[in-house]
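Novice: For reference, this is my_file02.txt, and it has compact mmCIF, C-alpha atoms (C1' of nucleotides).
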# COMPACT_ATOMS: atom_id res chain seq x y z
CA MET A 171 38.71 11.91 8.19
CA GLN A 172 36.99 11.41 11.50
CA PHE A 173 33.82 9.98 12.90
CA SER A 174 31.32 12.73 13.65
CA LYS A 175 30.33 13.82 17.13
CA SER A 176 26.87 12.50 16.37
CA THR A 177 28.28 9.00 16.23
CA ASP A 178 29.86 9.55 19.61
CA TYR A 179 26.53 10.72 21.03
CA ALA A 180 24.64 7.84 19.46
CA LEU A 181 26.98 5.19 20.84
CA HIS A 182 26.99 6.63 24.34
CA ALA A 183 23.23 7.10 24.33
CA ILE A 184 22.63 3.51 23.30
CA ILE A 185 25.01 2.19 25.91
CA HIS A 186 23.08 4.14 28.50
CA LEU A 187 19.84 2.61 27.25
CA GLY A 188 21.42 -0.82 27.48
CA HIS A 189 22.51 -0.05 31.01
CA SER A 190 18.96 0.99 32.00
CA GLN A 191 17.20 -1.90 30.28
CA ARG A 192 15.54 -3.22 33.44
CA CYS A 193 14.15 0.14 34.54
CA ASN A 194 11.74 2.44 32.75
CA ASN A 195 12.26 4.18 29.47
CA VAL A 196 14.87 6.89 29.37
CA GLY A 197 13.73 10.36 28.31
CA ILE A 198 15.64 12.77 26.14
CA ARG A 199 16.20 15.09 29.10
CA GLU A 200 18.04 12.45 31.10
CA LEU A 201 20.07 11.38 28.08
CA SER A 202 21.07 14.90 27.11
CA GLY A 203 22.08 15.62 30.70
CA ILE A 204 24.29 12.57 30.85
CA LEU A 205 25.94 13.13 27.50
CA GLY A 206 26.30 16.88 27.84
CA VAL A 207 24.54 17.77 24.60
CA SER A 208 21.36 19.72 23.92
CA GLU A 209 18.00 17.98 23.90
CA SER A 210 17.13 19.32 20.44
CA TYR A 211 20.23 17.99 18.81
CA LEU A 212 20.20 14.66 20.54
CA SER A 213 16.56 14.07 19.64
CA LYS A 214 17.46 14.26 15.95
CA ILE A 215 20.00 11.54 16.49
CA MET A 216 17.57 9.41 18.49
CA SER A 217 14.99 9.79 15.72
CA LYS A 218 17.41 8.39 13.20
CA LEU A 219 18.14 5.46 15.48
CA ARG A 220 14.44 4.82 15.80
CA GLN A 221 13.85 4.98 12.05
CA ASP A 222 16.55 2.36 11.58
CA GLY A 223 15.07 0.07 14.20
CA ILE A 224 17.84 0.37 16.77
CA VAL A 225 15.67 1.92 19.48
CA ARG A 226 11.97 2.25 20.22
CA ALA A 227 10.39 5.53 21.27
CA VAL A 228 7.29 6.14 23.36
CA PRO A 229 5.82 9.65 23.57
CA GLY A 230 3.75 10.90 26.46
CA VAL A 231 4.16 10.90 30.21
CA ASN A 232 6.89 8.52 31.37
CA GLY A 233 7.76 7.95 27.74
CA GLY A 234 11.26 7.86 26.34
CA TYR A 235 13.56 5.47 24.56
CA GLU A 236 14.55 1.85 24.96
CA LEU A 237 16.55 -0.61 22.89
CA ALA A 238 14.54 -2.23 20.14
CA ARG A 239 16.43 -5.51 20.54
CA PRO A 240 18.87 -7.12 22.99
CA ALA A 241 22.18 -5.33 23.40
CA ASP A 242 24.11 -8.33 22.12
CA GLN A 243 22.30 -7.96 18.81
CA ILE A 244 23.29 -4.35 18.29
CA THR A 245 26.77 -3.99 16.84
CA PHE A 246 28.94 -0.92 16.65
CA LEU A 247 28.61 -1.14 12.89
CA ASP A 248 24.82 -0.98 13.14
CA VAL A 249 24.94 2.25 15.08
CA ILE A 250 27.71 3.85 13.06
CA GLN A 251 26.03 3.17 9.76
CA VAL A 252 22.83 4.83 10.91
CA ILE A 253 24.68 8.04 11.67
CA GLU A 254 27.46 8.09 9.11
CA GLY A 255 25.49 6.59 6.27
CA ARG A 256 26.28 3.60 4.16
CA GLN A 257 28.29 5.13 1.32
CA GLN A 258 31.65 3.61 0.56
CA LEU A 259 34.52 4.96 2.62
CA PHE A 260 36.39 5.59 -0.60
CA GLU A 261 35.14 6.28 -4.08
CA CYS A 262 37.40 6.76 -7.05
CA SER A 263 36.40 10.20 -8.26
CA ASN A 264 38.07 10.15 -11.65
CA SER A 265 36.59 7.03 -13.12
CA SER A 266 36.83 8.56 -16.57
CA SER A 267 40.51 9.42 -16.32
CA GLN A 268 43.20 7.68 -18.31
CA GLN A 269 44.77 6.20 -15.24
CA HIS A 270 41.56 4.81 -13.88
CA GLN A 271 41.01 3.03 -17.16
CA LEU A 272 44.51 1.68 -17.09
CA LEU A 273 44.20 0.45 -13.55
CA ALA A 274 40.70 -0.90 -13.92
CA GLU A 275 40.94 -2.62 -17.26
CA GLU A 276 43.78 -4.50 -18.84
CA GLY A 277 45.28 -1.70 -20.93
CA ALA A 278 42.06 -1.29 -22.84
CA VAL A 279 42.58 2.13 -24.38
CA GLN A 280 40.01 1.91 -27.10
CA ARG A 281 37.01 1.27 -24.88
CA ASP A 282 35.19 4.13 -23.30
CA GLN A 283 32.13 2.54 -21.73
CA LYS A 284 31.88 1.63 -18.12
CA TYR A 285 32.34 -1.97 -17.11
CA PRO A 286 30.57 -2.61 -13.84
CA GLY A 287 32.44 -4.96 -11.56
CA LYS A 288 35.79 -3.69 -12.78
CA ALA A 289 36.89 -1.45 -9.99
CA CYS A 290 39.98 0.70 -9.99
CA LEU A 291 42.82 -1.07 -8.21
CA VAL A 292 43.17 1.77 -5.72
CA GLU A 293 39.51 1.49 -4.91
CA LYS A 294 39.91 -2.24 -4.58
CA VAL A 295 42.54 -1.87 -1.88
CA MET A 296 40.49 0.77 -0.10
CA ASN A 297 37.40 -1.38 -0.20
CA GLY A 298 39.41 -4.18 1.33
CA ALA A 299 40.39 -1.84 4.13
CA GLU A 300 36.78 -0.90 4.66
CA GLN A 301 35.80 -4.55 4.92
CA GLN A 302 38.43 -5.05 7.62
CA LEU A 303 37.03 -2.14 9.55
CA HIS A 304 33.46 -3.36 9.16
CA GLN A 305 34.31 -6.85 10.31
CA TYR A 306 35.84 -5.52 13.50
CA LEU A 307 32.88 -3.23 14.15
CA ARG A 308 30.46 -6.10 13.55
CA GLU A 309 32.25 -8.23 16.11
CA HIS A 310 31.79 -5.66 18.85
CA THR A 311 28.34 -5.26 20.31
CA ILE A 312 26.83 -2.88 22.81
CA GLN A 313 26.58 -5.80 25.21
CA SER A 314 30.32 -6.42 25.01
CA VAL A 315 30.93 -2.90 26.33
CA LEU A 316 28.38 -3.38 29.12
CA ASP A 317 30.08 -6.64 30.09
CA GLU A 318 33.47 -4.99 30.12
CA ALA A 319 32.18 -2.14 32.27
CA PHE A 320 30.69 -4.64 34.71
CA LYS A 321 33.91 -6.61 34.87
CA ARG A 322 35.89 -3.50 35.70
CA CYS A 323 33.37 -2.58 38.33
CA SER A 324 33.36 -5.93 40.13
CA HIS A 325 37.12 -6.17 39.88
CA ASP A 326 37.27 -2.81 41.60
CA VAL A 327 34.97 -4.01 44.34
CA ASN A 328 37.13 -7.07 44.94
CA LYS A 329 40.20 -4.94 45.34
CA LYS A 330 38.62 -2.92 48.14
CA MET B 132 32.63 9.68 7.04
CA GLN B 133 34.56 9.39 3.83
CA PHE B 134 38.08 9.75 2.58
CA SER B 135 38.56 13.09 0.87
CA LYS B 136 39.03 13.55 -2.86
CA SER B 137 42.52 14.77 -2.08
CA THR B 138 43.42 11.32 -0.84
CA ASP B 139 42.15 9.88 -4.09
CA TYR B 140 44.26 12.33 -6.08
CA ALA B 141 47.32 11.69 -3.94
CA LEU B 142 47.13 7.91 -4.30
CA HIS B 143 46.60 8.03 -8.05
CA ALA B 144 49.34 10.60 -8.52
CA ILE B 145 51.83 8.51 -6.59
CA ILE B 146 50.94 5.39 -8.51
CA HIS B 147 51.60 7.27 -11.71
CA LEU B 148 54.98 8.36 -10.39
CA GLY B 149 55.73 4.76 -9.49
CA HIS B 150 54.75 3.74 -12.99
CA SER B 151 57.09 6.32 -14.54
CA GLN B 152 60.03 5.64 -12.25
CA ARG B 153 62.44 4.75 -15.06
CA CYS B 154 61.67 7.80 -17.18
CA ASN B 155 62.10 11.46 -16.33
CA ASN B 156 60.38 13.40 -13.62
CA VAL B 157 56.67 13.94 -14.06
CA GLY B 158 55.47 17.54 -14.12
CA ILE B 159 52.31 18.87 -12.55
CA ARG B 160 50.77 19.47 -15.98
CA GLU B 161 51.03 15.83 -16.97
CA LEU B 162 49.73 14.66 -13.62
CA SER B 163 46.78 17.02 -13.58
CA GLY B 164 45.87 15.98 -17.10
CA ILE B 165 45.90 12.32 -16.20
CA LEU B 166 43.92 12.71 -13.00
CA GLY B 167 41.46 15.26 -14.34
CA VAL B 168 42.08 17.85 -11.65
CA SER B 169 43.41 21.40 -11.84
CA GLU B 170 47.14 22.06 -11.65
CA SER B 171 46.75 24.52 -8.77
CA TYR B 172 44.85 22.16 -6.58
CA LEU B 173 47.00 19.16 -7.31
CA SER B 174 50.17 21.11 -6.61
CA LYS B 175 48.99 21.76 -3.06
CA ILE B 176 48.61 18.05 -2.59
CA MET B 177 51.99 17.31 -4.11
CA SER B 178 53.59 19.87 -1.83
CA LYS B 179 52.22 18.09 1.20
CA LEU B 180 53.56 14.81 -0.09
CA ARG B 181 56.95 16.40 -0.56
CA GLN B 182 56.96 17.91 2.94
CA ASP B 183 56.30 14.47 4.35
CA GLY B 184 59.07 12.88 2.35
CA ILE B 185 56.90 10.76 0.07
CA VAL B 186 58.01 12.46 -3.15
CA ARG B 187 60.86 14.67 -4.28
CA ALA B 188 60.32 17.80 -6.35
CA VAL B 189 62.66 19.48 -8.80
CA PRO B 190 61.83 22.94 -10.13
CA GLY B 191 63.02 24.32 -13.43
CA VAL B 192 63.10 23.00 -16.96
CA ASN B 193 62.43 19.26 -17.14
CA GLY B 194 61.66 19.35 -13.45
CA GLY B 195 58.74 17.65 -11.77
CA TYR B 196 58.11 14.97 -9.18
CA GLU B 197 59.47 11.53 -8.45
CA LEU B 198 59.09 9.06 -5.61
CA ALA B 199 61.40 9.77 -2.71
CA ARG B 200 61.85 6.05 -1.99
CA PRO B 201 61.07 2.71 -3.68
CA ALA B 202 57.39 2.03 -4.28
CA ASP B 203 57.47 -1.03 -2.03
CA GLN B 204 58.41 1.23 0.86
CA ILE B 205 55.44 3.54 0.44
CA THR B 206 52.30 2.17 2.05
CA PHE B 207 48.72 3.28 1.58
CA LEU B 208 48.77 4.35 5.22
CA ASP B 209 51.76 6.63 4.57
CA VAL B 210 49.95 8.48 1.82
CA ILE B 211 46.60 8.63 3.56
CA GLN B 212 48.05 10.02 6.76
CA VAL B 213 49.76 12.84 4.89
CA ILE B 214 46.45 13.99 3.45
CA GLU B 215 43.94 13.09 6.14
CA GLY B 216 46.15 13.93 9.08
CA ARG B 217 47.07 11.77 12.03
CA GLN B 218 44.30 12.54 14.50
CA GLN B 219 42.40 9.62 15.95
CA LEU B 220 39.49 8.38 13.87
CA PHE B 221 37.32 8.67 16.95
CA GLU B 222 37.61 10.90 19.98
CA CYS B 223 35.24 10.76 22.90
CA SER B 224 33.92 14.31 23.00
CA ASN B 225 32.26 14.22 26.40
CA SER B 226 35.13 13.12 28.55
CA SER B 227 33.74 15.13 31.45
CA SER B 228 30.28 13.53 31.29
CA GLN B 229 28.98 11.18 33.94
CA GLN B 230 28.87 8.29 31.55
CA HIS B 231 32.38 8.72 30.33
CA GLN B 232 33.58 8.61 33.91
CA LEU B 233 31.57 5.48 34.52
CA LEU B 234 32.85 3.78 31.43
CA ALA B 235 36.42 4.90 31.81
CA GLU B 236 36.98 4.32 35.47
CA GLU B 237 35.63 1.62 37.72
CA GLY B 238 32.58 3.38 39.09
CA ALA B 239 34.72 6.09 40.55
CA VAL B 240 32.21 8.84 41.14
CA GLN B 241 34.21 10.89 43.59
CA ARG B 242 37.24 11.51 41.37
CA ASP B 243 37.25 14.36 38.93
CA GLN B 244 40.81 14.49 37.64
CA LYS B 245 41.86 13.00 34.40
CA TYR B 246 43.64 9.70 34.41
CA PRO B 247 45.73 9.34 31.29
CA GLY B 248 45.71 5.82 29.91
CA LYS B 249 42.15 5.23 31.07
CA ALA B 250 40.20 5.59 27.88
CA CYS B 251 36.43 5.45 27.62
CA LEU B 252 35.34 1.93 26.67
CA VAL B 253 33.63 3.21 23.54
CA GLU B 254 36.82 4.93 22.50
CA LYS B 255 38.72 1.75 23.27
CA VAL B 256 36.62 -0.26 20.80
CA MET B 257 36.89 2.46 18.20
CA ASN B 258 40.65 2.66 18.60
CA GLY B 259 40.80 -1.07 18.10
CA ALA B 260 38.90 -0.66 14.86
CA GLU B 261 41.30 2.03 13.76
CA GLN B 262 44.25 -0.24 14.44
CA GLN B 263 42.68 -2.94 12.24
CA LEU B 264 42.28 -0.42 9.46
CA HIS B 265 45.84 0.84 9.84
CA GLN B 266 47.30 -2.63 9.80
CA TYR B 267 45.59 -3.39 6.51
CA LEU B 268 46.69 -0.10 4.99
CA ARG B 269 50.26 -0.69 6.13
CA GLU B 270 50.30 -4.07 4.44
CA HIS B 271 49.41 -2.61 1.06
CA THR B 272 52.09 -0.69 -0.77
CA ILE B 273 52.15 1.33 -3.96
CA GLN B 274 54.28 -1.41 -5.45
CA SER B 275 51.62 -4.01 -4.76
CA VAL B 276 49.19 -2.08 -6.95
CA LEU B 277 51.76 -1.71 -9.70
CA ASP B 278 52.41 -5.45 -9.59
CA GLU B 279 48.72 -6.21 -9.77
CA ALA B 280 48.28 -3.87 -12.73
CA PHE B 281 51.18 -5.57 -14.50
CA LYS B 282 49.74 -9.00 -13.83
CA ARG B 283 46.41 -8.01 -15.32
CA CYS B 284 48.15 -6.57 -18.31
CA SER B 285 50.29 -9.61 -19.11
CA HIS B 286 47.36 -11.92 -18.49
CA ASP B 287 45.46 -9.93 -21.06
CA VAL B 288 48.27 -10.27 -23.57
CA ASN B 289 48.38 -14.03 -23.13
CA LYS B 290 44.68 -14.28 -23.81
CA LYS B 291 44.99 -12.58 -27.17
C1' DA C 51 74.24 35.96 -16.67
C1' DT C 52 69.74 35.53 -18.74
C1' DT C 53 65.69 33.30 -19.71
C1' DA C 54 62.13 30.08 -19.87
C1' DT C 55 60.29 26.66 -16.97
C1' DT C 56 58.67 24.61 -13.00
C1' DA C 57 57.42 24.09 -8.12
C1' DT C 58 55.92 26.77 -3.72
C1' DA C 59 53.41 29.57 -0.66
C1' DG C 60 49.79 32.82 0.46
C1' DA C 61 45.42 34.74 0.04
C1' DT C 62 40.88 34.15 -1.04
C1' DC C 63 36.51 32.25 -2.55
C1' DT C 64 32.84 28.65 -3.07
C1' DT C 65 30.63 24.67 -1.82
C1' DT C 66 29.34 21.18 1.24
C1' DA C 67 28.82 18.88 5.67
C1' DT C 68 28.43 19.20 10.46
C1' DT C 69 26.58 21.01 14.49
C1' DG C 70 23.17 23.31 16.64
C1' DT C 71 18.58 25.91 17.75
C1' DC C 72 13.64 26.91 17.59
C1' DC C 73 8.94 26.06 16.92
C1' DA C 74 4.73 23.75 15.63
C1' DT C 75 2.68 19.18 15.67
C1' DA C 76 1.47 14.46 16.91
C1' DA C 77 1.07 10.82 20.16
C1' DT C 78 0.48 8.93 24.68
C1' DA C 79 -0.43 7.99 29.70
C1' DA C 80 -2.34 9.84 33.80
C1' DT D 92 -8.70 16.60 29.01
C1' DT D 93 -4.19 17.80 30.14
C1' DA D 94 0.57 17.59 30.93
C1' DT D 95 4.30 15.29 28.93
C1' DT D 96 7.13 13.53 25.58
C1' DA D 97 8.87 12.52 20.92
C1' DT D 98 8.89 14.18 15.83
C1' DG D 99 9.69 16.86 11.85
C1' DG D 100 10.64 21.07 9.34
C1' DA D 101 12.95 25.22 8.80
C1' DC D 102 16.75 27.66 9.66
C1' DA D 103 21.41 29.52 11.19
C1' DA D 104 26.20 29.16 12.49
C1' DT D 105 30.53 26.99 12.01
C1' DA D 106 33.94 24.20 10.12
C1' DA D 107 36.08 21.58 6.53
C1' DA D 108 36.94 20.51 1.78
C1' DG D 109 37.60 21.83 -2.79
C1' DA D 110 39.25 25.05 -5.86
C1' DT D 111 41.47 29.26 -8.10
C1' DC D 112 44.74 33.04 -8.74
C1' DT D 113 48.95 35.51 -8.12
C1' DA D 114 53.50 36.44 -6.76
C1' DT D 115 57.86 34.25 -5.65
C1' DA D 116 61.74 31.11 -5.55
C1' DA D 117 64.55 27.67 -7.60
C1' DT D 118 66.56 25.36 -11.44
C1' DA D 119 68.40 23.87 -16.08
C1' DA D 120 69.29 25.22 -20.62
C1' DT D 121 71.01 28.75 -23.53
Would you mind writing the file's structure down as C-alpha cells?
Specialist:
Amino acid sequence: MQFSKSTDYALHAIIHLGHSQRCNNVGIRELSGILGVSESYLSKIMSKLRQDGIVRAVPGVNGGYELARPADQITFLDVIQVIEGRQQLFECSNSSSQQHQLLAEEGAVQRDQKYPGKACLVEKVMNGAEQQLHQYLREHTIQSVLDEAFKRCSHDVNKK
Amino acid sequence: MQFSKSTDYALHAIIHLGHSQRCNNVGIRELSGILGVSESYLSKIMSKLRQDGIVRAVPGVNGGYELARPADQITFLDVIQVIEGRQQLFECSNSSSQQHQLLAEEGAVQRDQKYPGKACLVEKVMNGAEQQLHQYLREHTIQSVLDEAFKRCSHDVNKK
DNA sequence: ATTATTATAGATCTTTATTGTCCATAATAA
DNA sequence: TTATTATGGACAATAAAGATCTATAATAAT
C-alpha cells in the first residue's frame, strides 16, 4: 500500500502555487517543468483539484492556476482525498463469512441479515487507525510547509 | 489507496488461529471455508506469515497452522507489514526536481549531490503521518480483538 | 516402510488500477 | 480575431493484485 505518484504531484504543485501566490497565475508548462512530469498528465491532476475547489483555473493568454483559498485553509488531507478518493482505507471483504458474523455480532448465529452500525472488530481497529492518520493530515496545511521552508531559508541566510 | 484484500484475509485468519489456540492446529481447508476464499490463494498468504515468523505450520495428517507467539505479542502492524511490505507509504518521486531541492535544502541552488537525511518537506509531513498510523497499529494486538469479542459475547449472555 | 494428508513453491492467467499520451474542444485575454 | 491556455474523452502501456493449478516436500498414522 502506497500513496500514488499523482498525490505526490498534486502536493508539490499546490505548494508551488502557494509559493507564487503574489505573482501571476502559474501555467501547466511551468508546473510540469518544475515537477518533472508531462503536461498532459499533470493537467488531469490539476483538473481534479479544480473540480474539488482546491485551485482555480483561468484559460487563455497569461492564464493558469492559483489557489482557490488561502494556503492555511488547505490541508494535506484535502489534497490527498481529491486524488486518492474517499473510500475507507480498509473494508472487510467477507462480511457474510462466519467469522465476520462472530466478530461483528454477539455470537448471533441464527441471524443472517445485515445490521448497519455493527462493524467487524477488525474493521473497527482499522477505522480507528484511519482516523489517526486523517487527524494528522488535517493538522498539516500547505501553509505550514511554506512556513517551514521559509524558516530554513532565513536560518541559512543568518548562518552565512 | 487501500489495504489489499490479502491483508483482510491475513488478519481474519490470524484471529481465528488465536481463537483456536487451545485446540489443535487449524488446516487451510477450515480457514478458507471460514473466510470465504480459495485454499490456494489463502495458502500463499499463510506462507508469507510463516516466513515472517507470525505463524507456525505443520504438514501431514492433523497438521495446519498455529500462532508462533502469544496473541498479545502480535500487533496489527506486524501482520500488515508482512502483507503490504515495508516500503514507505509516501516517497517523493521527483527528488531531482527544482522544487524538491528548494524544499529539501535551504535554497541551495548550486548543489546537485544528494544529502541523505535531508528529506523533502512534503515527504517529512507524510512520514510523520505514517508514524502516527504505525503507532496506532502497534498498540492494537490480536489479543485485544479477542478480548473485545469475548466481552461482547459475555455481555450478550448477561442480557438474556 | 508405506500411505494418506497437509503445507510449499512455481508457473501462469485474469482483472483492476495506475500512469501516461494524444487529440479535439472550449474559454479567455490581448 | 487570434494566439494561448485549460478541459475532457479516448486510448494504450505498465504494474500490481487476485486467483488458480500442478508438482513437490514434509509429516503422522498405519
Novice: Quick one: what's the axis-aligned box for region 56-70 of chain C, all listed atoms, 5 Å on every side, centre and edges in Å to one decimal, as lines of an AutoDock Vina configuration file?
Specialist:
center_x = 40.9
center_y = 26.8
center_z = 1.8
size_x = 45.5
size_y = 25.9
size_z = 39.6
Novice: His143 (chain B): which residues within 12 Å, counting all atoms listed in the file, same-chain residues fewer than 3 positions away excluded, as a PyMOL selection string?
Specialist: (chain A and resi 262-265+267-273+290-293) or (chain B and resi 136-140+146-150+162-163+165-168+173+176-177+207+210-211+273+276-277)
Novice: For chain C, report every residue with an atom at most 6 Å from chain A (counting all atoms listed in the file), formatted as a list in words.
Specialist: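 So the residues of chain C near chain A are DA77, DT78 and DA79 of chain C.
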Novice: To one decimal place, how far is CA of Glu300 (chain A) from CA of Leu259 (chain A) in Å?
Specialist: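 Answer for the CA of Glu300 (chain A) to CA of Leu259 (chain A) separation: 6.6 Å.
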Novice: Residues at most 12 Å from DC102 (chain D), counting only C-alpha atoms (C1' of nucleotides), excluding those fewer than 5 positions away in the same chain, as a list in words?
Specialist: DG70, DT71, DC72 and DC73 of chain C
Novice: Could you turn the residues from that selection into a file that holds C-alpha atoms (C1' of nucleotides), as a PDB file, in the coordinates of the input?
Specialist:
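Result saved to result30.pdb:
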ATOM      1  C1'  DG C  70      23.170  23.310  16.640  1.00  0.00           C
ATOM      2  C1'  DT C  71      18.580  25.910  17.750  1.00  0.00           C
ATOM      3  C1'  DC C  72      13.640  26.910  17.590  1.00  0.00           C
ATOM      4  C1'  DC C  73       8.940  26.060  16.920  1.00  0.00           C
TER       5       DC C  73
END
Novice: For chain D, which residue out of A:Gln257, A:Gln301, A:Ser213, A:Ser314 is the nearest one, using only C-alpha atoms (C1' of nucleotides)?
Specialist: A:Ser213
Novice: Using all atoms listed in the file, can you list as number ranges by chain the residues within 10 Å of (2.8, 14.5, 12.7)?
Specialist: C: 74-77; D: 98-99
Novice: Enter the distance from CA of Leu198 (chain B) to CA of Val186 (chain B), in Å, rounded to one decimal.
Specialist: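 Rounded to one decimal, the two atoms are 4.3 Å apart.
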Novice: Residues of chain D within 7 Å of chain B, counting all atoms listed in the file, what are they? List them as number ranges by chain.
Specialist: D: 110, 117-119
Novice: So the first atom is CA of Gln258 (chain A) and the second is CA of Leu264 (chain B); what is the distance between them in Å, to one decimal place?
Specialist: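 Spanning CA of Gln258 (chain A) to CA of Leu264 (chain B) is a straight-line distance of 14.4 Å.
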Novice: Which residue gives the smallest distance to chain A among B:Ile185, B:Ala144, B:Leu180, B:Met132, with all atoms listed in the file counted?
Specialist: B:Met132
Novice: From the list B:Gln152, B:Gln212, B:Ser178, B:Gln204, which residue is nearest chain A when using all atoms listed in the file?
Specialist: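 Checking each of B:Gln152, B:Gln212, B:Ser178, B:Gln204 against chain A, counting all atoms listed in the file, the winner is B:Gln212.
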Novice: Smallest atom-to-atom distance to chain B: which of A:Asn194, A:Gln302, A:Gln313, A:Asn297, using only C-alpha atoms?
Specialist: A:Gln302
Novice: Would you mind telling me which residue in B:Pro201, B:Gly259, B:Gly216, B:Gly195 lies nearest to DA57 (chain C) when using only C-alpha atoms (C1' of nucleotides)?
Specialist: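 Under the stated criterion, the closest residue is B:Gly195.
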Novice: Identify which of the residues A:Glu254, A:Ser190, A:Ala289, A:Asn195 lies closest to chain B, counting all atoms listed in the file when measuring atom-to-atom distances.
Specialist: A:Glu254
Novice: For Lys218 (chain A), find every residue with an atom within 8 Å (counting only C-alpha atoms (C1' of nucleotides)), except residues of its own chain fewer than 4 positions away, and show them as a list in words.
Specialist: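 So the residues in contact are Lys214, Asp222, Val252 and Ile253 of chain A.
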Novice: Kindly output region 253-264 of chain B as a PDB file, in the coordinates of the input, after building N, CA, C and O atoms.
Specialist:
ATOM      1  N   VAL B 253      34.045   3.019  24.927  1.00  0.00           N
ATOM      2  CA  VAL B 253      33.630   3.210  23.540  1.00  0.00           C
ATOM      3  C   VAL B 253      34.850   3.570  22.696  1.00  0.00           C
ATOM      4  O   VAL B 253      35.100   2.977  21.638  1.00  0.00           O
ATOM      5  N   GLU B 254      35.614   4.518  23.216  1.00  0.00           N
ATOM      6  CA  GLU B 254      36.820   4.930  22.500  1.00  0.00           C
ATOM      7  C   GLU B 254      37.771   3.755  22.335  1.00  0.00           C
ATOM      8  O   GLU B 254      38.435   3.625  21.304  1.00  0.00           O
ATOM      9  N   LYS B 255      37.814   2.906  23.329  1.00  0.00           N
ATOM     10  CA  LYS B 255      38.720   1.750  23.270  1.00  0.00           C
ATOM     11  C   LYS B 255      38.346   0.847  22.089  1.00  0.00           C
ATOM     12  O   LYS B 255      39.212   0.418  21.330  1.00  0.00           O
ATOM     13  N   VAL B 256      37.060   0.568  21.934  1.00  0.00           N
ATOM     14  CA  VAL B 256      36.620  -0.260  20.800  1.00  0.00           C
ATOM     15  C   VAL B 256      36.954   0.436  19.487  1.00  0.00           C
ATOM     16  O   VAL B 256      37.489  -0.181  18.563  1.00  0.00           O
ATOM     17  N   MET B 257      36.660   1.732  19.442  1.00  0.00           N
ATOM     18  CA  MET B 257      36.890   2.460  18.200  1.00  0.00           C
ATOM     19  C   MET B 257      38.372   2.533  17.849  1.00  0.00           C
ATOM     20  O   MET B 257      38.748   2.454  16.680  1.00  0.00           O
ATOM     21  N   ASN B 258      39.206   2.660  18.862  1.00  0.00           N
ATOM     22  CA  ASN B 258      40.650   2.660  18.600  1.00  0.00           C
ATOM     23  C   ASN B 258      41.098   1.302  18.083  1.00  0.00           C
ATOM     24  O   ASN B 258      41.971   1.226  17.216  1.00  0.00           O
ATOM     25  N   GLY B 259      40.486   0.259  18.608  1.00  0.00           N
ATOM     26  CA  GLY B 259      40.800  -1.070  18.100  1.00  0.00           C
ATOM     27  C   GLY B 259      40.462  -1.188  16.627  1.00  0.00           C
ATOM     28  O   GLY B 259      41.229  -1.729  15.835  1.00  0.00           O
ATOM     29  N   ALA B 260      39.319  -0.631  16.270  1.00  0.00           N
ATOM     30  CA  ALA B 260      38.900  -0.660  14.860  1.00  0.00           C
ATOM     31  C   ALA B 260      39.895   0.100  14.000  1.00  0.00           C
ATOM     32  O   ALA B 260      40.275  -0.354  12.916  1.00  0.00           O
ATOM     33  N   GLU B 261      40.331   1.235  14.510  1.00  0.00           N
ATOM     34  CA  GLU B 261      41.300   2.030  13.760  1.00  0.00           C
ATOM     35  C   GLU B 261      42.594   1.254  13.555  1.00  0.00           C
ATOM     36  O   GLU B 261      43.186   1.300  12.474  1.00  0.00           O
ATOM     37  N   GLN B 262      43.021   0.538  14.568  1.00  0.00           N
ATOM     38  CA  GLN B 262      44.250  -0.240  14.440  1.00  0.00           C
ATOM     39  C   GLN B 262      44.119  -1.309  13.356  1.00  0.00           C
ATOM     40  O   GLN B 262      45.049  -1.547  12.583  1.00  0.00           O
ATOM     41  N   GLN B 263      42.944  -1.942  13.297  1.00  0.00           N
ATOM     42  CA  GLN B 263      42.680  -2.940  12.240  1.00  0.00           C
ATOM     43  C   GLN B 263      42.860  -2.306  10.866  1.00  0.00           C
ATOM     44  O   GLN B 263      43.503  -2.864   9.987  1.00  0.00           O
ATOM     45  N   LEU B 264      42.226  -1.145  10.732  1.00  0.00           N
ATOM     46  CA  LEU B 264      42.280  -0.420   9.460  1.00  0.00           C
ATOM     47  C   LEU B 264      43.723  -0.088   9.106  1.00  0.00           C
ATOM     48  O   LEU B 264      44.184  -0.343   7.979  1.00  0.00           O
TER      49      LEU B 264
END
